[in-house]
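Enquirer: Quick one, run-v8.cif (mmCIF, C-alpha atoms):
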```
data_model
#
loop_
_atom_site.label_atom_id
_atom_site.label_comp_id
_atom_site.auth_asym_id
_atom_site.auth_seq_id
_atom_site.Cartn_x
_atom_site.Cartn_y
_atom_site.Cartn_z
CA MET J 104 0.00 0.00 0.00
CA LEU J 105 2.88 2.39 0.82
CA GLY J 106 4.39 1.79 -2.61
CA GLY J 107 1.01 2.54 -4.23
CA LYS J 108 0.63 5.80 -2.30
CA LEU J 109 4.11 6.94 -3.34
CA SER J 110 3.29 6.18 -6.99
CA VAL J 111 0.20 8.39 -6.79
CA ARG J 112 2.24 11.20 -5.28
CA ASN J 113 4.88 10.89 -7.97
CA ARG J 114 2.25 11.04 -10.68
CA ALA J 115 0.77 14.19 -9.09
CA ARG J 116 4.22 15.76 -8.86
CA VAL J 117 4.91 15.07 -12.55
CA ALA J 118 1.56 16.54 -13.55
CA LEU J 119 2.22 19.66 -11.49
CA MET J 120 5.69 20.13 -13.00
CA GLY J 121 4.24 19.75 -16.50
CA ALA J 122 1.58 22.37 -15.83
CA LEU J 123 4.21 24.78 -14.49
CA ALA J 124 6.37 24.24 -17.59
CA LEU J 125 3.44 25.03 -19.88
CA LEU J 126 2.66 28.17 -17.90
CA LEU J 127 6.29 29.34 -18.07
CA ALA J 128 6.42 28.76 -21.83
CA ALA J 129 3.24 30.78 -22.34
CA CYS J 130 4.59 33.69 -20.29
CA THR J 131 7.92 33.87 -22.13
CA SER J 132 6.65 33.55 -25.71
CA GLY J 133 6.06 36.75 -27.80
CA GLY J 134 4.66 39.93 -26.35
CA GLY J 135 3.39 43.35 -27.32
CA GLN J 136 5.50 46.33 -28.32
CA GLY J 137 4.56 49.87 -27.46
CA SER J 138 5.06 52.96 -29.61
CA GLU J 139 8.57 53.48 -28.24
CA GLY J 140 10.47 51.61 -30.90
CA GLY J 141 7.78 48.96 -31.37
CA GLY J 142 4.98 48.02 -33.68
CA GLY J 143 1.93 49.56 -32.05
CA GLY J 144 0.64 46.36 -30.44
CA ALA J 145 2.18 43.95 -32.97
CA PRO J 146 4.15 40.91 -31.69
CA ALA J 147 7.66 41.67 -30.48
CA PRO J 148 10.32 41.40 -33.22
CA ALA J 149 11.93 37.94 -33.23
CA VAL J 150 15.01 38.84 -35.31
CA GLU J 151 18.14 39.79 -33.37
CA GLY J 152 18.81 43.52 -33.67
CA LEU J 153 15.36 44.35 -35.09
CA LEU J 154 14.02 47.40 -33.25
CA TRP J 155 10.82 48.12 -35.17
CA SER J 156 8.80 46.55 -37.98
CA GLY J 157 6.08 48.00 -40.18
CA ASP J 158 4.91 45.24 -42.50
CA PHE J 159 1.16 46.11 -42.50
CA GLU J 160 0.31 42.52 -41.58
CA THR J 161 -1.85 43.97 -38.82
CA GLY J 162 -4.24 44.92 -41.62
CA ASP J 163 -4.24 48.57 -40.54
CA MET J 164 -1.91 51.52 -39.91
CA SER J 165 -1.32 50.81 -36.20
CA GLN J 166 2.44 50.35 -36.71
CA PHE J 167 2.65 54.01 -37.75
CA GLU J 168 1.88 57.29 -36.01
CA ASP J 169 -1.41 59.12 -36.54
CA THR J 170 -0.13 62.22 -38.39
CA PRO J 171 -2.90 63.84 -40.45
CA GLN J 172 -0.60 66.82 -41.08
CA ASN J 173 1.40 64.53 -43.38
CA ILE J 174 -1.53 64.16 -45.78
CA VAL J 175 -2.10 67.30 -47.85
CA GLY J 176 -3.25 66.95 -51.43
CA GLY J 177 -2.98 63.16 -51.14
CA ALA J 178 -5.32 60.27 -50.44
CA GLU J 179 -5.62 58.54 -47.07
CA PRO J 180 -3.02 55.75 -46.74
CA LYS J 181 -4.66 52.50 -47.76
CA VAL J 182 -3.70 48.95 -46.78
CA VAL J 183 -3.93 46.77 -49.90
CA GLN J 184 -3.45 43.13 -50.86
CA ASP J 185 -2.08 43.80 -54.35
CA PRO J 186 0.66 44.53 -55.12
CA VAL J 187 2.60 43.19 -52.13
CA ARG J 188 6.30 42.46 -51.79
CA GLN J 189 5.84 39.71 -49.22
CA GLY J 190 3.09 38.54 -46.89
CA GLY J 191 -0.49 39.58 -47.38
CA ASN J 192 -0.48 43.39 -47.18
CA ALA J 193 1.26 46.57 -48.30
CA VAL J 194 0.32 50.27 -48.16
CA GLU J 195 -0.77 52.49 -51.04
CA LEU J 196 0.01 56.23 -51.05
CA SER J 197 -1.11 58.47 -53.89
CA ILE J 198 -1.37 62.08 -55.04
CA GLU J 199 -3.76 63.07 -57.82
CA GLY J 200 -2.70 66.55 -58.94
CA THR J 201 -1.31 69.94 -57.98
CA SER J 202 -1.69 71.73 -54.65
CA SER J 203 -1.23 75.29 -53.38
CA SER J 204 -0.87 77.30 -50.18
CA SER J 205 -4.67 77.26 -49.88
CA ASP J 206 -4.38 73.52 -49.19
CA GLY J 207 -2.46 74.29 -46.02
CA ILE J 208 1.12 73.74 -47.16
CA CYS J 209 3.94 75.96 -48.36
CA CYS J 210 5.74 73.99 -50.99
CA GLY J 211 4.44 70.59 -52.03
CA SER J 212 1.80 67.87 -51.98
CA ARG J 213 2.33 65.08 -49.48
CA ASP J 214 1.01 61.67 -48.52
CA GLU J 215 3.46 60.40 -45.90
CA ILE J 216 3.47 58.03 -42.94
CA GLN J 217 5.70 58.06 -39.87
CA PRO J 218 6.94 54.90 -38.11
CA ARG J 219 6.16 54.54 -34.41
CA PHE J 220 9.82 54.97 -33.55
CA ARG J 221 11.81 57.34 -31.39
CA ASN J 222 13.82 60.36 -32.53
CA LEU J 223 17.13 59.76 -34.27
CA VAL J 224 19.93 61.37 -32.27
CA SER J 225 23.66 61.93 -32.50
CA GLY J 226 25.60 58.70 -32.19
CA ASP J 227 22.79 56.45 -33.44
CA ASP J 228 24.11 53.81 -35.85
CA LEU J 229 20.99 52.38 -37.48
CA TRP J 230 19.87 50.36 -40.49
CA PHE J 231 16.64 51.01 -42.40
CA GLY J 232 15.13 48.46 -44.77
CA PHE J 233 11.97 48.69 -46.88
CA SER J 234 10.50 47.78 -50.25
CA SER J 235 8.96 50.32 -52.63
CA TYR J 236 6.95 49.99 -55.83
CA LEU J 237 6.27 52.83 -58.27
CA ALA J 238 2.93 52.11 -59.93
CA PRO J 239 2.74 52.24 -63.74
CA GLY J 240 2.19 55.86 -64.75
CA PHE J 241 4.23 57.26 -61.85
CA PRO J 242 5.84 60.52 -63.12
CA THR J 243 9.46 59.36 -62.80
CA ASP J 244 10.76 62.15 -65.07
CA ALA J 245 9.29 64.96 -62.97
CA TYR J 246 11.25 67.19 -60.63
CA TRP J 247 11.72 66.39 -56.93
CA GLN J 248 9.59 63.65 -55.38
CA VAL J 249 10.66 62.45 -51.91
CA ILE J 250 9.85 58.84 -50.98
CA THR J 251 11.73 58.65 -47.64
CA GLN J 252 13.26 61.40 -45.53
CA PHE J 253 15.15 61.77 -42.28
CA LYS J 254 13.61 65.05 -41.20
CA GLN J 255 14.97 67.44 -38.59
CA ASN J 256 12.64 68.69 -35.84
CA PHE J 257 12.38 72.18 -37.35
CA ASP J 258 11.46 73.70 -40.73
CA GLY J 259 13.47 73.30 -43.91
CA SER J 260 14.71 70.63 -46.28
CA PRO J 261 16.14 67.58 -44.48
CA PRO J 262 19.76 66.45 -44.16
CA LEU J 263 18.91 63.14 -45.90
CA GLU J 264 16.17 62.19 -48.36
CA LEU J 265 15.60 59.49 -50.99
CA ASN J 266 14.10 60.99 -54.15
CA VAL J 267 12.65 60.04 -57.51
CA GLU J 268 13.79 62.80 -59.84
CA GLU J 269 14.46 63.16 -63.56
CA GLY J 270 14.18 59.42 -64.17
CA GLN J 271 16.49 58.38 -61.33
CA TYR J 272 16.55 57.45 -57.69
CA LYS J 273 18.77 59.95 -55.89
CA LEU J 274 19.99 60.44 -52.34
CA GLU J 275 19.98 64.16 -51.56
CA GLY J 276 20.15 66.56 -48.65
CA GLY J 277 21.84 69.50 -47.00
CA GLN J 278 19.90 72.32 -48.63
CA GLY J 279 18.18 73.29 -45.39
CA HIS J 280 21.29 73.36 -43.21
CA PRO J 281 20.97 76.14 -40.57
CA ASP J 282 24.44 77.47 -41.46
CA GLY J 283 23.62 77.76 -45.15
CA SER J 284 23.12 75.30 -47.96
CA LYS J 285 25.45 72.28 -47.93
CA VAL J 286 23.53 70.48 -50.65
CA PHE J 287 24.58 67.17 -52.16
CA VAL J 288 23.03 64.92 -54.83
CA LYS J 289 24.02 61.27 -55.29
CA PRO J 290 22.38 59.40 -58.22
CA LEU J 291 21.72 55.76 -57.26
CA ALA J 292 19.87 53.97 -60.08
CA GLU J 293 17.25 54.31 -62.80
CA ALA J 294 13.72 54.74 -61.46
CA THR J 295 11.53 52.08 -63.07
CA THR J 296 7.79 51.58 -62.60
CA GLY J 297 5.98 48.29 -62.07
CA VAL J 298 8.71 46.50 -60.06
CA TRP J 299 9.47 46.13 -56.36
CA VAL J 300 12.75 47.61 -55.13
CA ASP J 301 14.35 46.50 -51.87
CA TRP J 302 16.23 49.30 -50.11
CA VAL J 303 18.69 49.25 -47.23
CA LEU J 304 20.11 52.49 -45.82
CA HIS J 305 22.79 52.47 -43.14
CA VAL J 306 23.11 55.81 -41.35
CA LYS J 307 25.48 56.97 -38.63
CA PHE J 308 23.74 60.07 -37.28
CA SER J 309 25.80 63.12 -36.42
CA ALA J 310 25.89 66.85 -37.15
CA ASP J 311 29.67 66.47 -37.46
CA PRO J 312 30.62 65.55 -41.06
CA ALA J 313 33.68 63.76 -39.68
CA GLU J 314 31.36 61.37 -37.83
CA GLY J 315 28.12 61.07 -39.81
CA TYR J 316 27.83 58.94 -42.93
CA VAL J 317 25.35 56.98 -45.06
CA GLU J 318 25.49 53.84 -47.23
CA VAL J 319 22.80 52.54 -49.60
CA TRP J 320 21.92 49.12 -51.06
CA LYS J 321 19.34 48.45 -53.79
CA ASP J 322 18.13 44.89 -54.36
CA GLY J 323 21.09 43.53 -52.42
CA ARG J 324 23.73 45.50 -54.34
CA GLN J 325 25.54 48.45 -52.81
CA VAL J 326 24.80 51.55 -54.90
CA LEU J 327 26.37 54.13 -52.59
CA ASP J 328 29.59 53.45 -50.70
CA ARG J 329 30.10 55.10 -47.35
CA PHE J 330 29.49 58.80 -47.93
CA ALA J 331 29.88 61.63 -45.43
CA PRO J 332 27.71 64.66 -46.34
CA ARG J 333 29.54 67.92 -45.68
CA GLY J 334 26.58 69.10 -43.62
CA GLY J 335 26.44 65.89 -41.55
CA THR J 336 23.55 63.44 -41.33
CA LEU J 337 21.83 65.54 -38.65
CA TYR J 338 21.44 69.30 -38.53
CA PRO J 339 22.67 71.30 -35.53
CA ALA J 340 19.37 72.40 -33.97
CA PRO J 341 18.88 76.00 -32.77
CA ASP J 342 17.98 74.68 -29.30
CA GLY J 343 20.96 72.32 -29.18
CA ASN J 344 18.74 69.23 -29.47
CA ASP J 345 20.14 67.69 -32.65
CA ALA J 346 17.56 65.12 -33.73
CA SER J 347 15.63 63.85 -36.73
CA TYR J 348 12.79 61.42 -37.33
CA VAL J 349 12.06 59.17 -40.27
CA LYS J 350 9.00 59.28 -42.46
CA THR J 351 8.20 57.57 -45.73
CA GLY J 352 5.66 57.94 -48.50
CA TYR J 353 5.19 60.50 -51.23
CA TYR J 354 6.06 64.22 -51.04
CA ARG J 355 6.49 66.18 -54.25
CA ASP J 356 6.72 69.48 -56.05
CA ALA J 357 3.29 71.14 -55.86
CA LYS J 358 3.38 71.92 -59.59
CA ILE J 359 3.37 68.25 -60.68
CA ASP J 360 -0.09 67.63 -62.12
CA GLN J 361 0.26 63.97 -63.12
CA PRO J 362 -1.24 61.37 -60.75
CA GLY J 363 1.26 59.22 -58.92
CA THR J 364 0.98 56.16 -56.68
CA ILE J 365 3.64 54.37 -54.66
CA TYR J 366 3.44 51.24 -52.50
CA PHE J 367 5.58 50.27 -49.50
CA ASP J 368 6.07 46.97 -47.71
CA ASN J 369 8.38 45.38 -45.10
CA TRP J 370 9.59 48.51 -43.34
CA ARG J 371 12.21 47.69 -40.69
CA ILE J 372 14.62 49.54 -38.42
CA GLY J 373 17.47 47.70 -36.71
CA THR J 374 21.07 47.63 -35.56
CA SER J 375 22.50 45.57 -38.44
CA ARG J 376 21.93 44.79 -42.09
CA ASP J 377 20.83 41.27 -41.18
CA ALA J 378 18.23 42.70 -38.79
CA VAL J 379 16.44 44.52 -41.62
CA THR J 380 16.80 41.85 -44.33
CA THR J 381 16.45 38.48 -42.56
CA GLY J 382 13.44 36.56 -43.85
CA LEU J 383 12.95 38.72 -46.94
CA ASP J 384 12.44 36.79 -50.15
CA ALA J 385 14.93 37.23 -53.00
CA PRO J 386 14.38 40.39 -55.11
CA THR J 387 11.64 40.08 -57.70
CA GLY J 388 12.69 42.93 -59.99
#
```
I'd like the structure from this file rewritten - as structure tokens, please.

Expert:
Amino acid sequence: MLGGKLSVRNRARVALMGALALLLAACTSGGGQGSEGGGGGAPAPAVEGLLWSGDFETGDMSQFEDTPQNIVGGAEPKVVQDPVRQGGNAVELSIEGTSSSSDGICCGSRDEIQPRFRNLVSGDDLWFGFSSYLAPGFPTDAYWQVITQFKQNFDGSPPLELNVEEGQYKLEGGQGHPDGSKVFVKPLAEATTGVWVDWVLHVKFSADPAEGYVEVWKDGRQVLDRFAPRGGTLYPAPDGNDASYVKTGYYRDAKIDQPGTIYFDNWRIGTSRDAVTTGLDAPTG
């Protein structure tokens, strides 16, 4: 009888240990991320070094800030199922025609979105990965059209921006430097419609041109070697708080009257190139 009682106790102990193991596994698997560097309630990034992800697989815009001021002359951002780079969703951003100061802006039409991510400050060494698709009919030969910018926290043109301009993708910046224009223009590749492009930008942020630099990859091939803009990759702010933030989408010369649509997918911010490219299918273009 004693042996039978011990067997029952052992079985109870094993069952209890199993239940505790299941509970521990449930508590340590995946969690939510807040707006500080996270995905607005999306599961925590599982890739080492991945700080934020905006892949639209939530089916809405919750991975991005609510910034209605970034939509002037453009349509509301729209989550779509075609075209997509990977997964089930992407975002569509479009502008139909011209705009003017009566639309509430000074110098261009915009349809932009802003990742739920912190400010970019001096010393940050970050990688940015995303896929873009210029819809057929996009006015690639027009003048300036910004598709991603690292914008300072005060007025003026940013220290870094990725443009579609005169048939090319170009990295530009420096025109709005507080100490006077330190403009640069770096052609990257031909701008082609109807194909997905996978971008990776590596930026060391600093107002000191001896410290700040940028590198760019397109579809896995480096198209801009390490480049140090003479105005830095951040602007020296009037209040001493040198900082920028990233936003992506479509911002263009107000005089462009041709409709244009661009799609984005798989936005990522991380601490390494692997962090922003791991799990991405091979380029389709």

Enquirer: Evaluate the PyMOL selection byres ((chain J and resi 385) around 12) against this structure - the residues, as a list in words, please.

Expert: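 Selected by the PyMOL selection byres ((chain J and resi 385) around 12) in this file: Arg188, Gln189, Ser234, Trp299, Val300, Asp301, Asp322, Gly323, Thr380, Thr381, Gly382, Leu383, Asp384, Pro386, Thr387 and Gly388 of chain J.
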
Enquirer: Quick check, in Å to one decimal: how far apart do CA of Asp311 (chain J) and CA of Leu327 (chain J) lie?

Expert: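 Computing it gives 19.8 Å between the two atoms.
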
Enquirer: Check which residues satisfy the PyMOL selection byres ((chain J and resi 196) around 7) in the file shown, then give them as a ChimeraX atom specification.

Expert: /J:178,180-181,194-195,197,214,352-353,364-366

Enquirer: Hey, which of J:Glu293, J:Glu160, J:Asp282, J:Asp342 ends up closest to Val267 (chain J)? Count all atoms listed in the file.

Expert: J:Glu293

Enquirer: Would you mind telling me which residue in J:Gln166, J:Thr336, J:Gln325, J:Gln248 lies nearest to Asp227 (chain J) when using all atoms listed in the file?

Expert: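 Using all atoms listed in the file, Asp227 (chain J) sits closest to J:Thr336.
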
Enquirer: Out of J:Trp370, J:Phe330, J:Tyr338, J:Phe257, which residue has the shortest atom-to-atom distance to Tyr316 (chain J) when counting only C-alpha atoms?

Expert: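 Selected residue with least distance to Tyr316 (chain J): J:Phe330.
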
Enquirer: I want to know what sits within 9 Å of Asn192 (chain J), based on all atoms listed in the file, with residues of the same chain fewer than 4 positions away left out; could you give that as an mmCIF file with C-alpha atoms, in the frame of the given file?

Expert:
```cif
data_model
loop_
_atom_site.group_PDB
_atom_site.id
_atom_site.type_symbol
_atom_site.label_atom_id
_atom_site.label_comp_id
_atom_site.auth_asym_id
_atom_site.auth_seq_id
_atom_site.Cartn_x
_atom_site.Cartn_y
_atom_site.Cartn_z
ATOM 1 C CA ASP J 158 4.910 45.240 -42.500
ATOM 2 C CA PHE J 159 1.160 46.110 -42.500
ATOM 3 C CA GLU J 160 0.310 42.520 -41.580
ATOM 4 C CA THR J 161 -1.850 43.970 -38.820
ATOM 5 C CA GLY J 162 -4.240 44.920 -41.620
ATOM 6 C CA VAL J 182 -3.700 48.950 -46.780
ATOM 7 C CA VAL J 183 -3.930 46.770 -49.900
ATOM 8 C CA GLN J 184 -3.450 43.130 -50.860
ATOM 9 C CA ASP J 185 -2.080 43.800 -54.350
ATOM 10 C CA PRO J 186 0.660 44.530 -55.120
ATOM 11 C CA VAL J 187 2.600 43.190 -52.130
ATOM 12 C CA ARG J 188 6.300 42.460 -51.790
ATOM 13 C CA ASP J 368 6.070 46.970 -47.710
#
```

Enquirer: On this file, the PyMOL selection byres ((chain J and resi 243) around 12) gives some set of residues; write that set as a PDB file with C-alpha atoms, in the frame of the given file.

Expert:
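What follows is the written file expr.pdb:
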```
ATOM      1  CA  TYR J 236       6.950  49.990 -55.830  1.00  0.00           C
ATOM      2  CA  LEU J 237       6.270  52.830 -58.270  1.00  0.00           C
ATOM      3  CA  ALA J 238       2.930  52.110 -59.930  1.00  0.00           C
ATOM      4  CA  PRO J 239       2.740  52.240 -63.740  1.00  0.00           C
ATOM      5  CA  GLY J 240       2.190  55.860 -64.750  1.00  0.00           C
ATOM      6  CA  PHE J 241       4.230  57.260 -61.850  1.00  0.00           C
ATOM      7  CA  PRO J 242       5.840  60.520 -63.120  1.00  0.00           C
ATOM      8  CA  ASP J 244      10.760  62.150 -65.070  1.00  0.00           C
ATOM      9  CA  ALA J 245       9.290  64.960 -62.970  1.00  0.00           C
ATOM     10  CA  TYR J 246      11.250  67.190 -60.630  1.00  0.00           C
ATOM     11  CA  TRP J 247      11.720  66.390 -56.930  1.00  0.00           C
ATOM     12  CA  GLN J 248       9.590  63.650 -55.380  1.00  0.00           C
ATOM     13  CA  VAL J 249      10.660  62.450 -51.910  1.00  0.00           C
ATOM     14  CA  ILE J 250       9.850  58.840 -50.980  1.00  0.00           C
ATOM     15  CA  ASN J 266      14.100  60.990 -54.150  1.00  0.00           C
ATOM     16  CA  VAL J 267      12.650  60.040 -57.510  1.00  0.00           C
ATOM     17  CA  GLU J 268      13.790  62.800 -59.840  1.00  0.00           C
ATOM     18  CA  GLU J 269      14.460  63.160 -63.560  1.00  0.00           C
ATOM     19  CA  GLY J 270      14.180  59.420 -64.170  1.00  0.00           C
ATOM     20  CA  GLN J 271      16.490  58.380 -61.330  1.00  0.00           C
ATOM     21  CA  TYR J 272      16.550  57.450 -57.690  1.00  0.00           C
ATOM     22  CA  LYS J 273      18.770  59.950 -55.890  1.00  0.00           C
ATOM     23  CA  GLU J 293      17.250  54.310 -62.800  1.00  0.00           C
ATOM     24  CA  ALA J 294      13.720  54.740 -61.460  1.00  0.00           C
ATOM     25  CA  THR J 295      11.530  52.080 -63.070  1.00  0.00           C
ATOM     26  CA  THR J 296       7.790  51.580 -62.600  1.00  0.00           C
ATOM     27  CA  GLY J 297       5.980  48.290 -62.070  1.00  0.00           C
ATOM     28  CA  ARG J 355       6.490  66.180 -54.250  1.00  0.00           C
ATOM     29  CA  ILE J 359       3.370  68.250 -60.680  1.00  0.00           C
ATOM     30  CA  GLN J 361       0.260  63.970 -63.120  1.00  0.00           C
ATOM     31  CA  PRO J 362      -1.240  61.370 -60.750  1.00  0.00           C
ATOM     32  CA  GLY J 363       1.260  59.220 -58.920  1.00  0.00           C
ATOM     33  CA  THR J 364       0.980  56.160 -56.680  1.00  0.00           C
ATOM     34  CA  ILE J 365       3.640  54.370 -54.660  1.00  0.00           C
TER      35      ILE J 365
END
```

Enquirer: Please compute the CA of Gln255 (chain J)-CA of Ala340 (chain J) distance, one decimal, in Å.

Expert: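 Going from CA of Gln255 (chain J) over to CA of Ala340 (chain J), I get 8.1 Å.
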
Enquirer: Do you have the CA of Val319 (chain J)-CA of Val349 (chain J) distance handy?

Expert: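 Taking CA of Val319 (chain J) and CA of Val349 (chain J), their separation equals 15.7 Å.
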